[in-house]
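Chemist: Below is the file data-v2.txt, which contains compact mmCIF, C-alpha atoms.
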# COMPACT_ATOMS: atom_id res chain seq x y z
CA MET H 1 40.03 7.87 -33.88
CA ALA H 2 38.73 6.13 -30.77
CA SER H 3 40.96 6.26 -27.72
CA ALA H 4 42.54 3.13 -26.31
CA GLY H 5 40.40 3.66 -23.21
CA ILE H 6 37.10 3.50 -25.01
CA GLU H 7 38.29 0.41 -26.92
CA GLU H 8 38.84 -1.21 -23.53
CA ILE H 9 35.25 -0.40 -22.57
CA ARG H 10 33.97 -1.72 -25.89
CA SER H 11 35.90 -4.96 -25.27
CA TRP H 12 34.53 -5.17 -21.70
CA ILE H 13 30.97 -4.91 -23.00
CA LEU H 14 31.58 -7.43 -25.79
CA SER H 15 33.15 -9.88 -23.34
CA ARG H 16 29.83 -9.91 -21.48
CA HIS H 17 27.82 -10.32 -24.66
CA PRO H 18 29.43 -13.06 -26.76
CA GLU H 19 26.47 -12.94 -29.13
CA ARG H 20 27.63 -9.49 -30.30
CA ASP H 21 30.43 -8.64 -32.77
CA ASP H 22 30.47 -4.93 -32.16
CA VAL H 23 28.86 -2.02 -30.35
CA ALA H 24 28.12 1.10 -32.39
CA PRO H 25 29.40 4.37 -30.86
CA ASP H 26 25.89 5.80 -30.57
CA GLU H 27 24.05 2.65 -29.49
CA ASN H 28 22.18 3.22 -26.23
CA LEU H 29 23.84 0.79 -23.82
CA ILE H 30 21.09 0.94 -21.22
CA GLU H 31 18.09 0.64 -23.47
CA SER H 32 19.70 -2.16 -25.47
CA ARG H 33 20.55 -3.87 -22.16
CA LEU H 34 24.22 -4.16 -23.05
CA VAL H 35 24.63 -2.66 -19.58
CA ASP H 36 21.78 -3.75 -17.32
CA SER H 37 20.76 -2.34 -14.00
CA LEU H 38 22.78 -4.96 -12.15
CA SER H 39 26.09 -4.32 -13.91
CA PHE H 40 26.44 -0.56 -13.69
CA VAL H 41 28.95 -0.61 -10.86
CA GLU H 42 31.15 -2.93 -12.89
CA LEU H 43 30.95 -0.51 -15.81
CA VAL H 44 32.08 2.28 -13.49
CA TYR H 45 35.07 0.23 -12.39
CA ALA H 46 35.87 -0.67 -16.01
CA ILE H 47 35.86 3.03 -16.93
CA GLU H 48 37.98 3.97 -13.90
CA GLY H 49 40.39 1.13 -14.66
CA ALA H 50 40.75 2.19 -18.29
CA SER H 51 41.03 5.93 -17.58
CA GLY H 52 43.09 5.65 -14.40
CA VAL H 53 40.87 8.35 -12.84
CA GLU H 54 38.20 8.09 -10.17
CA ILE H 55 34.82 9.23 -11.44
CA ASP H 56 33.54 12.38 -9.77
CA PHE H 57 29.88 11.51 -9.26
CA ASP H 58 28.95 15.07 -8.36
CA ASN H 59 29.68 16.12 -11.91
CA ILE H 60 28.19 13.36 -14.02
CA ASP H 61 24.75 12.04 -14.81
CA ILE H 62 23.22 9.03 -16.48
CA ARG H 63 23.57 10.56 -19.97
CA ASP H 64 27.35 10.30 -19.62
CA PHE H 65 26.99 6.51 -19.57
CA GLN H 66 24.40 6.11 -22.31
CA THR H 67 26.61 5.36 -25.32
CA LEU H 68 30.26 4.62 -26.02
CA SER H 69 30.49 8.10 -27.56
CA SER H 70 29.17 9.78 -24.42
CA ILE H 71 31.46 7.66 -22.22
CA GLU H 72 34.42 8.65 -24.38
CA LYS H 73 33.48 12.32 -24.22
CA ALA H 74 32.91 12.30 -20.46
CA PHE H 75 35.79 10.13 -19.30
CA PHE H 76 38.42 9.75 -22.01
CA ALA H 77 38.42 13.06 -23.88
CA ALA H 78 41.37 14.48 -21.99
CA VAL H 79 43.34 11.22 -21.89
CA MET X 1 -24.10 -7.53 -6.36
CA SER X 2 -20.69 -7.43 -8.04
CA THR X 3 -18.29 -10.13 -6.93
CA ALA X 4 -15.17 -8.12 -7.76
CA THR X 5 -12.56 -7.53 -5.08
CA THR X 6 -12.66 -3.88 -4.06
CA LEU X 7 -10.10 -1.78 -2.23
CA GLU X 8 -12.03 0.33 0.24
CA ARG X 9 -9.24 2.27 1.87
CA ILE X 10 -5.48 2.38 1.35
CA GLU X 11 -3.23 4.09 3.87
CA SER X 12 0.51 4.30 4.33
CA PHE X 13 2.92 5.34 7.05
CA LEU X 14 6.50 6.59 6.82
CA PRO X 15 8.71 7.27 9.84
CA GLU X 16 9.67 10.95 10.16
CA ARG X 17 13.42 10.33 10.13
CA SER X 18 14.76 10.88 6.62
CA VAL X 19 18.39 10.17 5.71
CA ARG X 20 20.43 10.33 2.50
CA ILE X 21 21.82 7.11 1.08
CA ASP X 22 25.30 8.49 1.78
CA ASP X 23 24.37 8.37 5.49
CA VAL X 24 23.79 4.61 5.41
CA ALA X 25 26.65 3.81 3.02
CA ALA X 26 29.17 3.00 5.74
CA SER X 27 26.88 0.63 7.64
CA LEU X 28 26.03 -1.14 4.37
CA GLY X 29 29.70 -1.41 3.39
CA LEU X 30 29.05 0.43 0.13
CA ARG X 31 32.08 1.49 -1.86
CA ARG X 32 32.38 5.01 -3.26
CA ALA X 33 31.45 3.90 -6.78
CA GLU X 34 28.41 2.01 -5.53
CA VAL X 35 27.09 5.07 -3.69
CA GLY X 36 27.72 7.15 -6.81
CA VAL X 37 25.85 4.70 -9.02
CA PHE X 38 22.94 4.44 -6.58
CA ARG X 39 22.69 8.20 -6.40
CA LYS X 40 23.33 9.37 -9.95
CA ILE X 41 22.36 6.38 -12.07
CA TYR X 42 19.70 4.55 -10.08
CA GLY X 43 18.11 7.79 -8.93
CA LEU X 44 18.14 7.07 -5.18
CA ASP X 45 18.62 9.96 -2.80
CA ARG X 46 16.70 9.92 0.47
CA LEU X 47 14.96 7.22 2.48
CA ARG X 48 13.04 6.93 5.71
CA PHE X 49 15.09 4.94 8.16
CA ASP X 50 14.50 4.97 11.90
CA PRO X 51 16.18 2.23 13.93
CA GLY X 52 14.26 3.54 16.96
CA THR X 53 10.90 2.49 15.52
CA GLY X 54 9.76 -1.01 16.45
CA LEU X 55 8.04 -3.28 13.92
CA PHE X 56 4.55 -2.82 15.36
CA ASP X 57 5.02 0.95 15.84
CA LEU X 58 5.73 1.01 12.13
CA VAL X 59 2.89 -1.28 11.04
CA LEU X 60 -0.05 -0.26 13.21
CA PRO X 61 -0.66 3.46 12.38
CA ALA X 62 -1.53 2.86 8.70
CA ALA X 63 -3.54 -0.24 9.63
CA ARG X 64 -5.58 1.76 12.16
CA ARG X 65 -6.32 4.49 9.64
CA ALA X 66 -7.42 1.98 6.98
CA LEU X 67 -9.56 0.19 9.54
CA ALA X 68 -11.29 3.45 10.40
CA ALA X 69 -13.02 3.21 7.00
CA LEU X 70 -14.81 0.01 8.06
CA PRO X 71 -18.54 0.78 7.89
CA GLU X 72 -20.52 0.61 11.11
CA GLY X 73 -21.70 -2.90 11.88
CA ARG X 74 -19.35 -4.61 9.44
CA ARG X 75 -16.71 -7.09 10.45
CA VAL X 76 -13.11 -7.83 9.47
CA GLU X 77 -12.82 -11.53 8.85
CA TYR X 78 -9.13 -11.71 7.95
CA VAL X 79 -5.99 -9.80 8.92
CA ILE X 80 -3.25 -10.65 6.44
CA TYR X 81 0.26 -9.44 7.12
CA ALA X 82 2.27 -9.48 3.88
CA HIS X 83 6.02 -9.12 4.21
CA THR X 84 9.12 -9.63 2.09
CA VAL X 85 11.82 -10.79 4.49
CA GLN X 86 10.80 -14.08 6.06
CA ALA X 87 12.19 -13.31 9.51
CA VAL X 88 10.78 -9.95 10.61
CA ALA X 89 10.60 -10.76 14.33
CA PRO X 90 12.01 -13.31 16.80
CA PRO X 91 10.53 -16.79 16.18
CA ASP X 92 8.37 -16.73 19.32
CA VAL X 93 6.45 -13.68 18.05
CA ASP X 94 3.37 -14.40 15.95
CA THR X 95 3.45 -11.16 13.99
CA ALA X 96 0.04 -11.46 12.32
CA ALA X 97 -1.67 -12.30 15.62
CA THR X 98 0.10 -9.42 17.35
CA ILE X 99 -1.11 -7.01 14.65
CA ARG X 100 -4.63 -8.40 14.98
CA GLU X 101 -4.59 -7.86 18.75
CA GLY X 102 -3.05 -4.40 18.34
CA LEU X 103 -6.01 -3.49 16.14
CA GLY X 104 -8.55 -4.98 18.52
CA LEU X 105 -9.80 -7.41 15.85
CA HIS X 106 -9.89 -10.32 18.27
CA ASP X 107 -12.29 -12.49 16.25
CA ALA X 108 -10.51 -12.15 12.90
CA GLU X 109 -8.38 -14.88 11.44
CA ALA X 110 -4.80 -13.61 11.24
CA PHE X 111 -1.97 -14.98 9.14
CA ALA X 112 1.10 -13.84 7.24
CA LEU X 113 2.15 -14.23 3.62
CA THR X 114 5.70 -13.87 2.41
CA HIS X 115 6.68 -16.20 -0.37
CA GLN X 116 6.24 -13.78 -3.25
CA ALA X 117 8.60 -11.36 -1.49
CA CYS X 118 7.68 -7.76 -2.43
CA VAL X 119 4.72 -8.98 -4.53
CA SER X 120 3.24 -10.62 -1.41
CA SER X 121 1.10 -7.56 -0.69
CA LEU X 122 -0.61 -7.67 -4.08
CA GLY X 123 -0.91 -11.44 -3.69
CA ALA X 124 -2.50 -10.94 -0.27
CA ILE X 125 -5.16 -8.65 -1.77
CA ASP X 126 -5.92 -11.27 -4.40
CA LEU X 127 -6.12 -13.96 -1.72
CA ALA X 128 -8.30 -11.79 0.51
CA GLY X 129 -10.80 -11.47 -2.33
CA GLU X 130 -10.76 -15.23 -2.93
CA LEU X 131 -11.34 -15.99 0.77
CA LEU X 132 -14.11 -13.43 1.11
CA ARG X 133 -15.91 -14.86 -1.91
CA ALA X 134 -15.36 -18.47 -0.92
CA GLU X 135 -16.22 -18.63 2.74
CA ALA X 136 -16.89 -15.33 4.46
CA PRO X 137 -20.33 -13.96 5.31
CA GLU X 138 -21.66 -11.45 2.79
CA GLY X 139 -20.38 -7.96 3.44
CA ALA X 140 -17.30 -9.12 5.36
CA TYR X 141 -13.94 -7.37 5.05
CA ALA X 142 -10.25 -8.24 5.11
CA LEU X 143 -7.38 -6.04 6.17
CA MET X 144 -4.09 -6.44 4.30
CA VAL X 145 -1.16 -4.99 6.21
CA THR X 146 2.45 -4.40 5.15
CA GLY X 147 5.45 -2.93 6.88
CA GLU X 148 8.88 -4.13 7.83
CA ARG X 149 12.03 -2.54 9.00
CA ALA X 150 15.41 -2.53 7.30
CA TYR X 151 16.71 -3.88 10.59
CA SER X 152 20.06 -5.16 9.42
CA PRO X 153 22.49 -4.40 6.59
CA LYS X 154 21.77 -7.95 5.41
CA VAL X 155 18.20 -7.01 4.60
CA GLN X 156 18.78 -3.35 3.74
CA LEU X 157 21.05 -3.78 0.74
CA ILE X 158 20.26 -5.64 -2.45
CA PRO X 159 23.67 -5.36 -4.09
CA ASN X 160 23.67 -3.37 -7.33
CA SER X 161 19.91 -2.90 -7.11
CA ALA X 162 18.32 -1.25 -4.11
CA VAL X 163 18.67 0.24 -0.65
CA MET X 164 15.69 -0.79 1.44
CA ALA X 165 13.82 1.68 3.63
CA ASP X 166 11.20 1.73 6.37
CA ALA X 167 7.49 2.15 5.56
CA ALA X 168 4.15 0.47 6.15
CA ALA X 169 0.77 0.36 4.47
CA ALA X 170 -2.67 -1.17 4.81
CA CYS X 171 -5.56 -1.90 2.52
CA LEU X 172 -9.14 -2.56 3.60
CA VAL X 173 -10.61 -5.09 1.18
CA THR X 174 -14.10 -6.35 0.52
CA VAL X 175 -16.16 -7.82 -2.31
CA GLY X 176 -18.55 -5.70 -4.34
CA GLY X 177 -17.93 -2.55 -2.32
CA PRO X 178 -17.85 1.05 -3.57
CA GLY X 179 -14.02 1.22 -3.55
CA ASP X 180 -11.42 0.72 -6.29
CA GLU X 181 -12.33 -2.34 -8.30
CA VAL X 182 -9.66 -4.99 -8.94
CA LEU X 183 -9.98 -5.96 -12.61
CA SER X 184 -7.06 -8.35 -12.96
CA PHE X 185 -4.01 -9.73 -11.21
CA VAL X 186 -1.18 -11.47 -13.03
CA THR X 187 2.01 -12.93 -11.60
CA ARG X 188 4.89 -14.79 -13.13
CA THR X 189 7.49 -16.57 -11.02
CA LEU X 190 10.88 -17.43 -12.48
CA GLY X 191 12.09 -20.21 -10.21
CA GLU X 192 15.57 -20.25 -11.71
CA TYR X 193 16.23 -17.07 -9.69
CA ALA X 194 14.91 -18.54 -6.43
CA ALA X 195 18.22 -17.98 -4.65
CA GLY X 196 17.38 -14.28 -4.37
CA LEU X 197 20.13 -12.50 -2.48
CA GLU X 198 22.25 -15.65 -2.77
CA MET X 199 22.17 -15.76 -6.59
CA THR X 200 25.44 -16.50 -8.38
CA LYS X 201 26.98 -13.82 -10.57
CA GLU X 202 25.68 -15.63 -13.66
CA GLU X 203 22.16 -15.87 -12.22
CA THR X 204 22.23 -12.20 -11.27
CA GLN X 205 23.32 -11.27 -14.76
CA GLY X 206 20.61 -13.48 -16.26
CA PHE X 207 17.97 -11.90 -14.01
CA GLY X 208 19.12 -8.42 -15.06
CA GLN X 209 18.85 -9.44 -18.70
CA VAL X 210 15.27 -10.74 -18.54
CA TYR X 211 13.94 -8.27 -15.97
CA GLY X 212 12.62 -5.53 -18.26
CA THR X 213 11.18 -7.94 -20.80
CA VAL X 214 9.33 -10.07 -18.26
CA LEU X 215 8.06 -7.13 -16.24
CA GLY X 216 6.75 -5.46 -19.41
CA GLU X 217 5.04 -8.69 -20.43
CA VAL X 218 3.40 -9.15 -17.03
CA ILE X 219 2.10 -5.56 -17.05
CA ASN X 220 0.68 -6.03 -20.53
CA GLU X 221 -0.86 -9.40 -19.57
CA ALA X 222 -2.60 -7.79 -16.61
CA VAL X 223 -3.88 -4.94 -18.77
CA ASP X 224 -5.08 -7.45 -21.36
CA ALA X 225 -6.75 -9.61 -18.70
CA ALA X 226 -8.64 -6.51 -17.56
CA GLY X 227 -9.99 -6.16 -21.10
CA LEU X 228 -8.00 -2.98 -21.68
CA SER X 229 -5.11 -1.74 -23.78
CA PHE X 230 -2.16 0.10 -22.26
CA ASP X 231 -3.50 3.32 -23.81
CA ASP X 232 -6.49 3.02 -21.44
CA VAL X 233 -4.20 3.12 -18.40
CA ASP X 234 -3.71 6.48 -16.71
CA LEU X 235 -0.69 5.59 -14.62
CA VAL X 236 1.49 2.70 -13.53
CA VAL X 237 1.85 2.81 -9.74
CA PRO X 238 5.20 1.08 -9.45
CA HIS X 239 7.76 -0.27 -7.02
CA ASN X 240 10.61 2.06 -6.03
CA VAL X 241 13.56 -0.29 -6.62
CA ASN X 242 15.51 2.05 -8.91
CA MET X 243 15.16 4.19 -12.04
CA VAL X 244 17.33 2.06 -14.32
CA SER X 245 15.16 -1.03 -13.97
CA TRP X 246 12.14 1.09 -14.92
CA ARG X 247 13.92 2.80 -17.79
CA GLN X 248 14.65 -0.60 -19.31
CA THR X 249 11.12 -1.86 -18.70
CA ILE X 250 9.59 1.28 -20.24
CA LYS X 251 11.84 0.89 -23.27
CA GLU X 252 10.88 -2.79 -23.62
CA MET X 253 7.21 -1.83 -23.52
CA GLY X 254 7.64 1.07 -25.93
CA ALA X 255 5.57 2.99 -23.40
CA ASP X 256 5.30 6.68 -22.57
CA PRO X 257 7.60 7.31 -19.55
CA GLU X 258 5.09 9.87 -18.26
CA LYS X 259 2.75 6.99 -17.46
CA PHE X 260 5.05 5.72 -14.72
CA PHE X 261 4.96 7.48 -11.36
CA LEU X 262 8.61 7.44 -10.33
CA ASP X 263 8.83 10.59 -8.17
CA ASN X 264 9.03 8.63 -4.92
CA VAL X 265 12.12 6.62 -5.88
CA ALA X 266 14.29 9.58 -4.82
CA HIS X 267 12.20 10.38 -1.74
CA TYR X 268 11.55 6.98 -0.16
CA SER X 269 13.62 4.32 -1.98
CA HIS X 270 12.37 0.72 -1.94
CA THR X 271 10.09 -0.09 1.00
CA TYR X 272 9.66 -3.85 0.55
CA ALA X 273 6.02 -4.81 -0.09
CA SER X 274 4.76 -1.29 0.72
CA ASP X 275 5.95 0.64 -2.36
CA VAL X 276 2.81 0.53 -4.49
CA PHE X 277 0.60 1.55 -1.56
CA VAL X 278 2.92 4.37 -0.49
CA ASN X 279 2.88 5.59 -4.09
CA TYR X 280 -0.89 5.19 -4.33
CA THR X 281 -1.43 7.37 -1.26
CA THR X 282 0.97 10.02 -2.60
CA LEU X 283 -0.98 10.13 -5.86
CA ARG X 284 -4.35 10.17 -4.11
CA ASP X 285 -3.25 12.94 -1.74
CA GLN X 286 -2.08 14.97 -4.76
CA ASP X 287 -5.49 14.36 -6.36
CA ARG X 288 -3.87 12.57 -9.29
CA LEU X 289 -6.18 9.54 -9.25
CA ALA X 290 -9.24 10.18 -11.38
CA ASP X 291 -12.65 8.66 -10.86
CA GLY X 292 -13.31 5.76 -13.22
CA ARG X 293 -9.76 5.67 -14.59
CA TYR X 294 -7.46 2.65 -14.72
CA TYR X 295 -4.20 2.16 -12.82
CA VAL X 296 -1.69 -0.69 -12.70
CA LEU X 297 -0.05 -1.55 -9.39
CA VAL X 298 3.29 -3.22 -10.14
CA SER X 299 5.85 -4.96 -7.99
CA VAL X 300 8.73 -7.42 -8.36
CA GLY X 301 9.87 -9.79 -5.64
CA LEU X 302 13.29 -11.35 -5.37
CA GLY X 303 13.04 -15.03 -5.90
CA ALA X 304 11.69 -14.00 -8.50
CA THR X 305 8.03 -13.02 -8.88
CA PHE X 306 6.71 -10.29 -11.16
CA GLY X 307 3.21 -9.01 -10.34
CA ALA X 308 0.74 -6.53 -11.81
CA MET X 309 -2.77 -5.65 -10.67
CA VAL X 310 -5.14 -3.47 -12.69
CA ILE X 311 -7.65 -1.40 -10.73
CA ARG X 312 -10.39 1.08 -11.62
CA HIS X 313 -10.28 3.98 -9.21
CA ARG X 314 -13.49 5.24 -7.70
CA LYS X 315 -13.53 8.51 -5.84
CA ARG X 316 -15.39 8.39 -2.58
Mind converting the file's structure to structure tokens?

Modeler:
Amino acid sequence: MASAGIEEIRSWILSRHPERDDVAPDENLIESRLVDSLSFVELVYAIEGASGVEIDFDNIDIRDFQTLSSIEKAFFAAV
Amino acid sequence: MSTATTLERIESFLPERSVRIDDVAASLGLRRAEVGVFRKIYGLDRLRFDPGTGLFDLVLPAARRALAALPEGRRVEYVIYAHTVQAVAPPDVDTAATIREGLGLHDAEAFALTHQACVSSLGAIDLAGELLRAEAPEGAYALMVTGERAYSPKVQLIPNSAVMADAAAACLVTVGGPGDEVLSFVTRTLGEYAAGLEMTKEETQGFGQVYGTVLGEVINEAVDAAGLSFDDVDLVVPHNVNMVSWRQTIKEMGADPEKFFLDNVAHYSHTYASDVFVNYTTLRDQDRLADGRYYVLVSVGLGATFGAMVIRHRKR
């Protein structure tokens, strides 16, 4: 079952894309432009807000942000 | 004689001083998450940034080296200084004329171009060719010069996009010469994003949404206008804004990522209108430009202009 945190991220993405009903867990957020190059910082803050933890940038890379599944694994798995 | 615009010599110059983006974060007011995103997501790392280098110290070395390729007895008719930021010097300084004098080209006509922002340098090459064909004596040359300093945080940071760096470049242009042949040049300007750095949040979001699609279309239009298909192109010689904008563009085009030379994004960051020429010289110096092969020089200017120029490289 998806964590509450990742549901918050899904809602954040959908709030920016009213044309969408849902985001599949494995949909590539960058390539599908659900997260564009100008909104990445906001995504980071949305993840930090939902997880309550500051992201350690020394230990992540772009693949951790590619899909809702990878975001959940990287930032919400232990929550 | 061919009437195509030809690029006879391209040179670039980078100040020695190299810093990490973390080193400029404080002066740019970047928050921790922004630095992290720039570094790990956008692929930025180092940049050349030397506040001790004056504008003309930055601009003139590459211009002098490009000018050295001028054949004996030939004359430079135009010196065109292409820059992104409109105010690069105090208002009493005529930058183009100062560059002309610094190069000893006292009889050349000197002027600046800026309104296509970072695409202004490609636009200046196109214009140089038009002027040479229209009114210059046969065999005349033009010198296109770029280079501007990230002299203030206001012009060094494009929020959520790029950290600007110091560099300069120059391109010696003629018509029908033995150099790289310009086969096409396509631009598209989206005036709804004219506010540039002053765009509203909605405009910024809209620009981000269309960016990859429009840039991919402009590249393909330029390739088509050159009578080629994208398969014929060896490499895209791109701007260094960030990796994410290219990832989205490459995806939109359904193109092979290996065809985009992105190594310098991490080394030099975005150097205003100089990127494509800095990248061209890196590729040439690594012997990665092949004789007779096709390359696309690509830039995007805030405001917003998308530009692509297809060239056929000729070794000489």

Chemist: Just need the residues of chain X within 10 Å of chain H, counting only C-alpha atoms, so spit them out as JSON, numbers by chain.

Modeler: {"X": [31, 32, 33, 34, 35, 36, 37, 38, 39, 40, 41, 42, 43, 159, 160, 161, 162, 201, 204, 205, 206, 207, 208, 209, 210, 211, 212, 242, 243, 244, 245, 246, 247, 248, 249, 250, 251, 252]}

Chemist: With all atoms listed in the file as the atoms that count, which of X:Ala255, X:Thr305, X:Val236, X:Arg48 lies nearest to X:Leu289?

Modeler: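 Closest to X:Leu289 of all the choices is X:Val236.
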
Chemist: When you draw a straight line from atom CA of X:Ala62 to atom CA of X:Val186, how long is it in Å?

Modeler: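 Atom CA of X:Ala62 sits 26.0 Å away from atom CA of X:Val186.
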
Chemist: Name the residues in contact with stretch 1-13 of chain H at a cut-off of 9 Å, using all atoms listed in the file, excluding same-chain residues fewer than 5 positions from it; report them as a list in words.

Modeler: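 The residues that qualify are Asp22, Val23, Leu34, Val35, Leu43, Ala46, Ile47, Gly49, Ala50, Ser51, Leu68, Ser69, Ile71, Glu72, Phe75, Phe76, Ala77 and Val79 of chain H.
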
Chemist: Which residue out of X:Cys118, X:Ile21, X:Ala266, X:Val237 has the minimum interatomic distance to X:Arg288 when all atoms listed in the file are used?

Modeler: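 Among X:Cys118, X:Ile21, X:Ala266, X:Val237, it is X:Val237 that comes nearest to X:Arg288.
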
Chemist: Mind giving me the straight-line distance from atom CA of X:Phe49 to atom CA of X:Ser299 in Å, one decimal?

Modeler: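 Between atom CA of X:Phe49 and atom CA of X:Ser299 the gap works out to 21.1 Å.
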
Chemist: For atom CA of X:Val175 and atom CA of X:Leu297, quote the distance in Å rounded to one decimal.

Modeler: 18.7 Å
